[in-house]
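Structure data (mmCIF, C-alpha atoms and all ligand atoms) from upload27.cif:
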data_data
#
loop_
_atom_site.label_atom_id
_atom_site.label_comp_id
_atom_site.auth_asym_id
_atom_site.auth_seq_id
_atom_site.Cartn_x
_atom_site.Cartn_y
_atom_site.Cartn_z
CA MET A 1 77.97 79.55 111.50
CA LYS A 2 75.79 78.46 114.40
CA PHE A 3 77.21 79.61 117.72
CA GLU A 4 77.54 76.88 120.35
CA GLY A 5 78.68 76.77 123.95
CA GLU A 6 79.18 79.31 126.68
CA ASN A 7 82.71 80.51 125.98
CA ILE A 8 82.85 84.30 126.06
CA ILE A 9 86.12 84.52 124.08
CA GLU A 10 84.65 82.47 121.25
CA PHE A 11 81.53 84.58 121.47
CA THR A 12 83.31 87.91 121.14
CA GLN A 13 85.42 86.48 118.31
CA GLN A 14 82.43 85.33 116.30
CA PHE A 15 80.44 88.51 117.02
CA SER A 16 83.22 91.03 116.72
CA ASP A 17 81.10 93.82 115.21
CA ASP A 18 77.54 94.80 114.27
CA HIS A 19 78.03 93.38 110.80
CA SER A 20 78.69 89.84 112.02
CA CYS A 21 75.56 89.99 114.20
CA LEU A 22 73.43 91.25 111.29
CA GLN A 23 74.84 88.46 109.13
CA TYR A 24 73.79 85.93 111.78
CA LEU A 25 70.26 87.37 111.87
CA SER A 26 70.10 87.50 108.09
CA ASP A 27 71.13 83.84 107.78
CA LEU A 28 68.46 82.84 110.29
CA LYS A 29 65.73 85.05 108.93
CA TRP A 30 66.05 83.91 105.34
CA SER A 31 67.25 80.37 106.07
CA SER A 32 64.49 78.93 103.90
CA GLY A 33 64.81 81.52 101.15
CA TYR A 34 63.83 85.11 100.47
CA THR A 35 60.42 86.30 99.33
CA CYS A 36 59.58 89.99 99.09
CA LYS A 37 56.93 90.89 101.69
CA LYS A 38 55.33 93.39 99.29
CA CYS A 39 55.28 91.66 95.90
CA GLY A 40 56.41 88.08 96.45
CA HIS A 41 59.44 88.37 94.16
CA THR A 42 62.39 86.14 95.14
CA LYS A 43 65.36 88.05 93.66
CA TYR A 44 67.08 90.73 95.69
CA THR A 45 70.21 92.82 96.12
CA VAL A 46 71.96 93.02 99.48
CA ARG A 47 72.74 96.47 100.85
CA LYS A 48 76.28 96.40 102.14
CA LYS A 49 75.74 98.80 105.01
CA ASN A 50 73.06 96.96 106.99
CA LEU A 51 72.59 93.74 104.98
CA ALA A 52 69.02 94.77 104.13
CA ARG A 53 67.51 93.05 101.10
CA ASP A 54 66.31 95.25 98.31
CA CYS A 55 63.66 93.56 96.15
CA ASN A 56 64.76 93.55 92.51
CA LYS A 57 61.20 94.10 91.32
CA CYS A 58 59.45 96.58 93.63
CA HIS A 59 62.48 97.79 95.62
CA HIS A 60 60.85 97.14 98.95
CA ILE A 61 63.65 97.09 101.49
CA GLU A 62 63.70 94.70 104.41
CA SER A 63 66.42 94.71 107.05
CA PRO A 64 67.47 91.58 108.96
CA THR A 65 65.92 93.08 112.11
CA ALA A 66 62.58 94.12 110.56
CA ASN A 67 59.58 92.30 112.05
CA THR A 68 61.67 90.57 114.68
CA LEU A 69 62.19 91.31 118.37
CA PHE A 70 65.27 93.31 117.31
CA HIS A 71 63.03 95.72 115.41
CA ARG A 72 63.77 99.40 116.17
CA LEU A 73 66.43 98.54 118.68
CA ARG A 74 67.57 101.66 120.52
CA PHE A 75 71.20 100.55 120.67
CA GLY A 76 73.69 98.57 118.59
CA ILE A 77 72.88 95.02 117.54
CA ARG A 78 76.17 93.77 118.99
CA LYS A 79 75.16 95.07 122.42
CA ALA A 80 71.85 93.26 122.00
CA PHE A 81 73.64 89.99 121.14
CA MET A 82 75.88 90.35 124.17
CA ILE A 83 72.93 90.99 126.49
CA VAL A 84 71.16 87.87 125.17
CA PHE A 85 74.38 85.90 125.65
CA GLU A 86 74.79 87.15 129.22
CA MET A 87 71.18 86.39 130.04
CA SER A 88 71.56 82.88 128.66
CA ALA A 89 74.80 82.20 130.51
CA THR A 90 74.15 83.76 133.92
CA THR A 91 73.20 81.52 136.80
CA LYS A 92 71.90 84.25 139.07
CA GLY A 93 70.11 86.61 136.72
CA LEU A 94 70.98 90.18 135.77
CA SER A 95 69.22 93.34 136.80
CA ALA A 96 68.28 96.02 134.30
CA SER A 97 70.49 98.49 136.20
CA GLN A 98 73.51 96.21 135.85
CA VAL A 99 72.91 95.82 132.13
CA ALA A 100 72.33 99.57 131.72
CA LYS A 101 75.71 100.32 133.28
CA ARG A 102 77.62 97.64 131.44
CA TYR A 103 76.31 98.65 128.02
CA ARG A 104 75.82 102.36 128.57
CA ILE A 105 72.13 102.37 127.79
CA SER A 106 69.30 103.73 129.89
CA ARG A 107 67.80 101.54 132.57
CA GLN A 108 64.39 101.69 130.89
CA THR A 109 65.86 100.64 127.53
CA ALA A 110 67.71 97.75 129.20
CA TRP A 111 64.57 96.71 131.08
CA ALA A 112 62.41 96.71 127.94
CA PHE A 113 64.91 94.73 125.89
CA MET A 114 65.44 92.18 128.66
CA HIS A 115 61.69 91.65 128.86
CA LYS A 116 61.64 90.96 125.13
CA VAL A 117 64.27 88.28 125.70
CA ARG A 118 62.20 86.84 128.57
CA THR A 119 59.18 86.52 126.30
CA VAL A 120 61.05 83.95 124.17
CA MET A 121 62.36 82.06 127.20
CA GLY A 122 58.93 80.50 127.70
CA SER A 123 58.33 76.87 126.95
CA SER A 124 57.27 75.83 123.47
CA GLY A 125 54.75 73.53 125.14
CA LYS A 126 55.88 70.77 122.80
CA HIS A 127 57.55 68.67 125.48
CA PRO A 128 55.19 68.18 128.42
CA MET A 129 56.60 66.80 131.65
CA GLU A 130 56.69 63.01 131.89
CA GLY A 131 57.50 60.48 134.61
CA ASN A 132 57.32 61.67 138.21
CA VAL A 133 56.02 65.23 138.59
CA GLN A 134 55.29 67.18 141.77
CA VAL A 135 52.79 70.05 141.80
CA ASP A 136 52.24 72.53 144.61
CA GLU A 137 50.94 76.05 145.18
CA PHE A 138 52.72 78.84 147.00
CA VAL A 139 52.47 82.57 147.55
CA PHE A 140 54.93 85.42 147.13
CA GLY A 141 54.97 89.06 148.14
CA GLY A 142 52.88 90.97 150.64
CA LYS A 143 53.80 90.33 154.22
CA GLU A 144 56.11 87.34 154.45
CA THR A 145 55.22 84.74 157.02
CA LEU A 146 56.66 81.32 157.62
CA LYS A 147 53.22 79.80 157.34
CA GLN A 148 52.90 77.59 154.30
CA GLY A 149 49.78 76.73 152.44
CA ARG A 150 46.91 78.43 150.68
CA SER A 151 47.04 82.00 151.99
CA LYS A 152 43.97 84.19 151.58
CA ASP A 153 46.04 87.40 151.78
CA SER A 154 44.98 89.32 148.67
CA LYS A 155 48.30 91.20 148.49
CA LYS A 156 50.17 87.99 147.91
CA LYS A 157 50.69 86.58 144.44
CA LYS A 158 49.35 83.07 144.17
CA LEU A 159 51.52 80.73 142.18
CA VAL A 160 51.56 77.09 141.21
CA GLY A 161 54.72 75.19 140.39
CA ALA A 162 55.47 71.83 138.77
CA VAL A 163 58.73 69.91 139.02
CA GLU A 164 59.69 67.01 136.76
CA LEU A 165 62.11 64.54 138.33
CA THR A 166 64.79 62.35 136.83
CA GLU A 167 64.77 58.62 137.54
CA THR A 168 67.12 59.25 140.45
CA GLY A 169 64.87 61.93 141.92
CA LYS A 170 66.78 65.01 140.78
CA VAL A 171 65.10 68.12 139.43
CA LYS A 172 64.95 67.94 135.65
CA ARG A 173 62.58 70.76 134.72
CA VAL A 174 60.37 73.28 136.49
CA TYR A 175 57.47 75.51 135.45
CA PHE A 176 55.42 78.12 137.25
CA ASN A 177 52.07 79.74 136.57
CA LYS A 178 50.44 82.68 138.27
CA ILE A 179 46.93 81.76 139.45
CA GLU A 180 43.95 83.86 140.54
CA ASP A 181 42.74 81.38 143.13
CA TYR A 182 43.10 77.73 144.14
CA SER A 183 40.16 76.45 142.15
CA SER A 184 40.46 73.42 139.88
CA LYS A 185 40.06 75.69 136.89
CA SER A 186 43.03 77.84 137.91
CA LEU A 187 45.18 74.91 138.98
CA SER A 188 44.53 73.01 135.77
CA THR A 189 46.35 75.68 133.71
CA ILE A 190 49.75 74.30 134.64
CA PHE A 191 48.60 70.74 133.93
CA ASP A 192 47.30 71.62 130.48
CA ALA A 193 50.32 73.73 129.59
CA HIS A 194 53.18 71.60 130.89
CA ILE A 195 52.21 68.12 132.07
CA SER A 196 51.65 64.97 130.04
CA THR A 197 48.50 62.98 130.82
CA GLY A 198 50.82 59.99 131.15
CA ALA A 199 52.91 61.53 133.95
CA LYS A 200 52.57 60.39 137.55
CA VAL A 201 51.66 63.61 139.39
CA PHE A 202 52.02 64.09 143.14
CA THR A 203 50.04 66.77 144.97
CA ASP A 204 48.82 67.39 148.49
CA LYS A 205 45.27 66.54 149.55
CA TRP A 206 43.68 69.82 148.45
CA THR A 207 40.22 69.17 146.98
CA GLY A 208 40.99 71.47 144.03
CA TYR A 209 43.02 68.66 142.48
CA VAL A 210 40.19 66.13 142.58
CA PRO A 211 38.40 67.21 139.36
CA ILE A 212 41.74 67.40 137.52
CA SER A 213 42.46 63.78 138.45
CA LYS A 214 39.76 62.74 135.97
CA ARG A 215 42.11 63.73 133.16
CA PHE A 216 45.51 63.34 134.83
CA ASN A 217 47.18 60.58 136.82
CA ILE A 218 47.21 62.37 140.19
CA HIS A 219 48.34 60.87 143.48
CA GLN A 220 47.21 62.97 146.43
CA ASP A 221 49.49 61.19 148.83
CA TYR A 222 51.06 64.04 150.69
CA SER A 223 49.59 65.54 153.81
CA ASP A 224 52.70 66.34 155.82
CA ARG A 225 53.54 69.70 154.27
CA GLY A 226 57.18 70.68 154.39
CA ASN A 227 58.64 67.21 154.67
CA SER A 228 57.00 65.65 151.67
CA MET A 229 57.67 66.68 148.09
CA LYS A 230 61.18 67.69 149.04
CA GLN A 231 62.30 68.66 145.52
CA MET A 232 59.26 70.87 144.93
CA HIS A 233 59.70 72.60 148.27
CA THR A 234 63.41 73.15 147.70
CA ILE A 235 62.62 74.82 144.38
CA ILE A 236 59.93 76.99 145.96
CA HIS A 237 62.37 78.01 148.66
CA GLN A 238 65.05 78.85 146.08
CA VAL A 239 62.77 80.79 143.76
CA LYS A 240 61.39 82.84 146.66
CA SER A 241 64.81 83.76 147.98
CA TRP A 242 65.96 84.62 144.45
CA LEU A 243 62.89 86.83 143.91
CA ARG A 244 63.50 88.49 147.27
CA SER A 245 67.16 89.14 146.47
CA VAL A 246 66.29 90.83 143.19
CA TYR A 247 63.04 92.26 144.50
CA SER A 248 64.18 95.87 144.25
CA TRP A 249 63.78 95.49 140.52
CA VAL A 250 60.98 92.91 140.31
CA HIS A 251 57.64 94.61 140.00
CA GLU A 252 54.97 92.20 141.22
CA GLY A 253 53.01 92.65 138.02
CA HIS A 254 55.92 91.15 136.13
CA ILE A 255 56.48 88.22 138.45
CA GLU A 256 55.50 85.61 135.88
CA LYS A 257 58.17 86.80 133.43
CA TYR A 258 60.84 86.46 136.10
CA LEU A 259 59.56 83.00 136.96
CA THR A 260 59.80 82.11 133.28
CA GLU A 261 63.41 83.25 133.31
CA TYR A 262 64.04 81.24 136.47
CA SER A 263 62.62 78.02 135.02
CA PHE A 264 64.39 78.66 131.75
CA ARG A 265 67.69 78.75 133.60
CA ILE A 266 67.04 75.35 135.16
CA ASN A 267 65.44 73.76 132.12
CA ARG A 268 68.04 74.96 129.64
CA SER A 269 70.66 72.63 131.13
CA ILE A 270 69.27 70.00 128.75
CA TYR A 271 70.42 72.01 125.76
CA LYS A 272 73.15 74.26 127.12
CA GLN A 273 75.28 74.10 123.97
CA THR A 274 72.73 75.72 121.71
CA ILE A 275 70.88 77.97 124.12
CA PHE A 276 72.10 81.29 122.74
CA HIS A 277 71.32 80.22 119.19
CA LYS A 278 67.84 79.06 120.25
CA LEU A 279 67.07 82.41 121.88
CA ILE A 280 68.22 84.39 118.83
CA GLU A 281 66.26 82.06 116.56
CA ARG A 282 63.10 82.58 118.62
CA MET A 283 63.66 86.35 118.66
CA VAL A 284 63.89 86.38 114.87
CA ILE A 285 60.63 84.46 114.51
CA ALA A 286 58.76 86.43 117.22
CA LYS A 287 56.75 89.48 116.25
CA PRO A 288 58.12 92.90 117.22
CA ALA A 289 57.11 94.25 120.63
CA THR A 290 57.08 97.89 121.60
CA TYR A 291 57.77 99.25 125.06
CA GLN A 292 54.07 100.05 125.38
CA MET A 293 53.11 96.48 124.52
CA ILE A 294 55.41 95.13 127.21
CA LYS A 295 53.99 97.54 129.77
CA VAL A 296 50.37 96.84 128.85
CA SER A 297 50.65 93.07 128.59
CA SER A 298 52.05 92.78 132.07
ZN ZN B 1 59.07 93.28 95.93
#

As structure tokens, please, write out the structure in this file.
Amino acid sequence: MKFEGENIIEFTQQFSDDHSCLQYLSDLKWSSGYTCKKCGHTKYTVRKKNLARDCNKCHHIESPTANTLFHRLRFGIRKAFMIVFEMSATTKGLSASQVAKRYRISRQTAWAFMHKVRTVMGSSGKHPMEGNVQVDEFVFGGKETLKQGRSKDSKKKKLVGAVELTETGKVKRVYFNKIEDYSSKSLSTIFDAHISTGAKVFTDKWTGYVPISKRFNIHQDYSDRGNSMKQMHTIIHQVKSWLRSVYSWVHEGHIEKYLTEYSFRINRSIYKQTIFHKLIERMVIAKPATYQMIKVSS
């Protein structure tokens, strides 16, 4: 049964043991039928202990966690489900140390698993931002100054953000991208990934946006930095103070993953009821990732 909502009592009731979590994964994994990975046979026997499917022809055994992001988990599947649930329900974010303590796993194990969850928090890219969208660049890290704008400090991480507004001017969705510089090429990444060509996009007067305006509907109306694009600047302010508050455990090399988690938390409000299910579903479809892969890719 598909889990819905954010109620922790209902959650612990539905996922009362490892078996119920494995059953959930199994139902998702083989929702459109079973085919043996080795020989293509479609008949199988279920192993009671771990719900693995044993091919009736070649006896290849496949567990519900095999080839998913739950592959070779270093702790119980129920703990994993609870961590995903907590990450989906928290409004402030959880540190790896907190999770390590709460579930009695090592900090490194908690960190690696949480990064796996973050990898599926990214946008599908299927629903680009429409309507009124604000785009702006900002920097994070290095020596903090109050000065806004396009810093040349190489220690700072350069970022670009986009905010989609509701008809009444409220923040609907946000996305961030890390950029190497402020060139059109770098700035266009967020446009291509998250913004519809039909959206009305507001930026400041930076010349880097000019070439992009050939493909997108860009209005470079804002020159008074700080007072204009209020929603975008509020989000930038919030994300910076959040990053600073958790900075003891945010390595700068991983900043984009934390920004993904941050946007996910805002954007998920559209589908709050099914968010846990969506994350689990994506983790089942995703290819397994090892600790090394997470380290290297970041
Ligand atoms: Zn087989």

Please report as JSON lines every residue of chain A lying within 8 Å of ligand ZN 1 (chain B), along with the nearest atom pair and their distance in Å (one decimal), using only C-alpha atoms and all ligand atoms.
{"residue": "A:Thr35", "atom": "CA", "partner": "B:ZN1", "partner_atom": "ZN", "distance": 7.9}
{"residue": "A:Cys36", "atom": "CA", "partner": "B:ZN1", "partner_atom": "ZN", "distance": 4.6}
{"residue": "A:Lys37", "atom": "CA", "partner": "B:ZN1", "partner_atom": "ZN", "distance": 6.6}
{"residue": "A:Lys38", "atom": "CA", "partner": "B:ZN1", "partner_atom": "ZN", "distance": 5.0}
{"residue": "A:Cys39", "atom": "CA", "partner": "B:ZN1", "partner_atom": "ZN", "distance": 4.1}
{"residue": "A:Gly40", "atom": "CA", "partner": "B:ZN1", "partner_atom": "ZN", "distance": 5.9}
{"residue": "A:His41", "atom": "CA", "partner": "B:ZN1", "partner_atom": "ZN", "distance": 5.2}
{"residue": "A:Thr42", "atom": "CA", "partner": "B:ZN1", "partner_atom": "ZN", "distance": 7.9}
{"residue": "A:Asp54", "atom": "CA", "partner": "B:ZN1", "partner_atom": "ZN", "distance": 7.9}
{"residue": "A:Cys55", "atom": "CA", "partner": "B:ZN1", "partner_atom": "ZN", "distance": 4.6}
{"residue": "A:Asn56", "atom": "CA", "partner": "B:ZN1", "partner_atom": "ZN", "distance": 6.6}
{"residue": "A:Lys57", "atom": "CA", "partner": "B:ZN1", "partner_atom": "ZN", "distance": 5.1}
{"residue": "A:Cys58", "atom": "CA", "partner": "B:ZN1", "partner_atom": "ZN", "distance": 4.0}
{"residue": "A:His59", "atom": "CA", "partner": "B:ZN1", "partner_atom": "ZN", "distance": 5.7}
{"residue": "A:His60", "atom": "CA", "partner": "B:ZN1", "partner_atom": "ZN", "distance": 5.2}

Which residues of segment 86-181 of chain A have any atom within 9 Å of an atom in segment 186-203 of chain A when counting only C-alpha atoms, and what is the closest pair of atoms for each, with the distance in Å to one decimal? Order the rows by chain and rising number and write it as CSV.
residue,atom,partner,partner_atom,distance
A:Ser123,CA,A:His194,CA,8.4
A:Gly125,CA,A:His194,CA,6.3
A:Lys126,CA,A:His194,CA,8.6
A:His127,CA,A:His194,CA,7.5
A:Pro128,CA,A:His194,CA,4.7
A:Met129,CA,A:Ile195,CA,4.6
A:Glu130,CA,A:Ala199,CA,4.6
A:Gly131,CA,A:Ala199,CA,4.8
A:Asn132,CA,A:Lys200,CA,5.0
A:Val133,CA,A:Val201,CA,4.7
A:Gln134,CA,A:Phe202,CA,4.7
A:Val135,CA,A:Thr203,CA,5.3
A:Asp136,CA,A:Thr203,CA,6.2
A:Glu137,CA,A:Leu187,CA,8.5
A:Val160,CA,A:Leu187,CA,7.1
A:Gly161,CA,A:Ile190,CA,7.7
A:Ala162,CA,A:Ile190,CA,7.5
A:Glu164,CA,A:Ile195,CA,8.9
A:Tyr175,CA,A:His194,CA,7.4
A:Phe176,CA,A:Ile190,CA,7.3
A:Asn177,CA,A:Ile190,CA,6.2
A:Lys178,CA,A:Ser186,CA,8.9
A:Ile179,CA,A:Ser186,CA,5.7
A:Glu180,CA,A:Ser186,CA,6.6
A:Asp181,CA,A:Ser186,CA,6.3

Ser245 of chain A environment, 12 Å, all atoms listed in the file, sequence neighbours closer than 6 positions dropped, as a list in words: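 Those residues are Lys92, Gly93, Leu94, Ser95, Gln238 and Val239 of chain A.
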
Kindly provide, as lines of an AutoDock Vina configuration file, the centre and edge lengths (Å, one decimal) of an axis-aligned box around all atoms of segment 36-41 of chain A given in the file, with 8 Å on each side.
center_x = 57.4
center_y = 90.7
center_z = 97.9
size_x = 20.3
size_y = 21.3
size_z = 23.5

Atom pair atom CA of Ser97 of chain A / atom CA of Ala110 of chain A: separation (Å): 7.6 Å

Separation of atom CA of Tyr209 of chain A from atom CA of Val174 of chain A, in Å and rounded to one decimal: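 Taking atom CA of Tyr209 of chain A and atom CA of Val174 of chain A, their separation equals 18.9 Å.
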
Quick one: segment 125-226 of chain A from the block, C-alpha atoms, as a short mmCIF file (atom, residue, chain, number, x, y, z; two decimals), in the first residue's frame.
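Resulting contents of result.cif:
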data_model
loop_
_atom_site.label_atom_id
_atom_site.label_comp_id
_atom_site.auth_asym_id
_atom_site.auth_seq_id
_atom_site.Cartn_x
_atom_site.Cartn_y
_atom_site.Cartn_z
CA GLY A 125 13.47 18.39 -15.56
CA LYS A 126 10.03 17.50 -16.90
CA HIS A 127 8.28 20.56 -15.49
CA PRO A 128 10.20 23.71 -16.39
CA MET A 129 9.30 26.93 -14.62
CA GLU A 130 6.50 28.94 -16.21
CA GLY A 131 4.96 32.36 -15.66
CA ASN A 132 7.02 34.94 -13.79
CA VAL A 133 10.56 33.77 -13.00
CA GLN A 134 13.41 35.71 -11.37
CA VAL A 135 17.04 34.77 -11.99
CA ASP A 136 20.06 36.10 -10.13
CA GLU A 137 23.63 35.11 -9.27
CA PHE A 138 25.19 35.07 -5.84
CA VAL A 139 28.28 33.81 -4.06
CA PHE A 140 28.81 31.69 -0.97
CA GLY A 141 31.80 30.82 1.17
CA GLY A 142 35.21 32.40 1.43
CA LYS A 143 35.26 35.65 3.30
CA GLU A 144 31.74 36.91 3.81
CA THR A 145 31.10 40.51 2.94
CA LEU A 146 27.87 42.43 2.71
CA LYS A 147 28.71 43.46 -0.81
CA GLN A 148 26.34 41.95 -3.32
CA GLY A 149 27.00 41.25 -6.93
CA ARG A 150 29.45 39.38 -9.11
CA SER A 151 32.43 38.79 -6.81
CA LYS A 152 35.76 37.88 -8.36
CA ASP A 153 36.98 36.19 -5.16
CA SER A 154 38.11 32.76 -6.34
CA LYS A 155 37.48 31.17 -2.93
CA LYS A 156 33.80 31.90 -3.19
CA LYS A 157 31.40 29.50 -4.85
CA LYS A 158 29.50 31.15 -7.65
CA LEU A 159 25.87 30.20 -7.85
CA VAL A 160 22.84 31.10 -9.91
CA GLY A 161 19.29 30.78 -8.64
CA ALA A 162 15.86 30.87 -10.28
CA VAL A 163 12.56 31.48 -8.51
CA GLU A 164 9.15 30.75 -10.01
CA LEU A 165 6.34 32.90 -8.63
CA THR A 166 2.66 32.21 -8.15
CA GLU A 167 0.11 34.61 -9.62
CA THR A 168 0.05 36.45 -6.31
CA GLY A 169 3.83 36.80 -6.23
CA LYS A 170 4.64 34.04 -3.75
CA VAL A 171 7.55 31.66 -4.16
CA LYS A 172 6.37 28.50 -5.90
CA ARG A 173 9.60 26.73 -6.82
CA VAL A 174 13.34 27.42 -6.67
CA TYR A 175 16.41 25.92 -8.33
CA PHE A 176 20.11 26.56 -7.99
CA ASN A 177 23.12 25.74 -10.14
CA LYS A 178 26.79 26.07 -9.36
CA ILE A 179 28.55 28.09 -12.08
CA GLU A 180 32.21 28.51 -13.00
CA ASP A 181 31.87 32.13 -14.06
CA TYR A 182 29.24 34.68 -15.07
CA SER A 183 29.44 34.04 -18.80
CA SER A 184 26.33 33.48 -20.89
CA LYS A 185 27.36 29.88 -21.35
CA SER A 186 27.50 29.25 -17.59
CA LEU A 187 24.36 31.23 -16.84
CA SER A 188 22.37 29.47 -19.54
CA THR A 189 22.65 26.13 -17.69
CA ILE A 190 19.87 27.04 -15.29
CA PHE A 191 17.70 28.31 -18.14
CA ASP A 192 18.09 25.12 -20.15
CA ALA A 193 17.59 22.86 -17.15
CA HIS A 194 14.69 24.54 -15.37
CA ILE A 195 13.03 27.37 -17.28
CA SER A 196 10.41 27.21 -20.01
CA THR A 197 11.04 29.34 -23.10
CA GLY A 198 7.53 30.68 -22.55
CA ALA A 199 8.28 32.02 -19.05
CA LYS A 200 8.71 35.74 -18.39
CA VAL A 201 12.19 35.93 -16.86
CA PHE A 202 13.47 38.89 -14.83
CA THR A 203 17.19 39.51 -14.40
CA ASP A 204 19.44 42.45 -13.65
CA LYS A 205 21.24 44.35 -16.40
CA TRP A 206 24.30 42.09 -16.57
CA THR A 207 25.44 41.68 -20.19
CA GLY A 208 25.80 37.92 -19.70
CA TYR A 209 22.04 37.58 -20.04
CA VAL A 210 21.88 39.33 -23.41
CA PRO A 211 22.78 36.33 -25.62
CA ILE A 212 20.37 34.11 -23.65
CA SER A 213 17.54 36.53 -24.39
CA LYS A 214 17.62 35.31 -28.00
CA ARG A 215 16.12 32.03 -26.83
CA PHE A 216 14.30 33.12 -23.67
CA ASN A 217 11.85 35.88 -22.84
CA ILE A 218 14.17 37.94 -20.62
CA HIS A 219 13.36 41.32 -19.09
CA GLN A 220 16.49 43.04 -17.81
CA ASP A 221 14.53 45.60 -15.88
CA TYR A 222 16.27 45.59 -12.56
CA SER A 223 19.20 47.81 -11.75
CA ASP A 224 18.54 48.66 -8.12
CA ARG A 225 20.08 45.59 -6.52
CA GLY A 226 18.67 44.63 -3.15
#
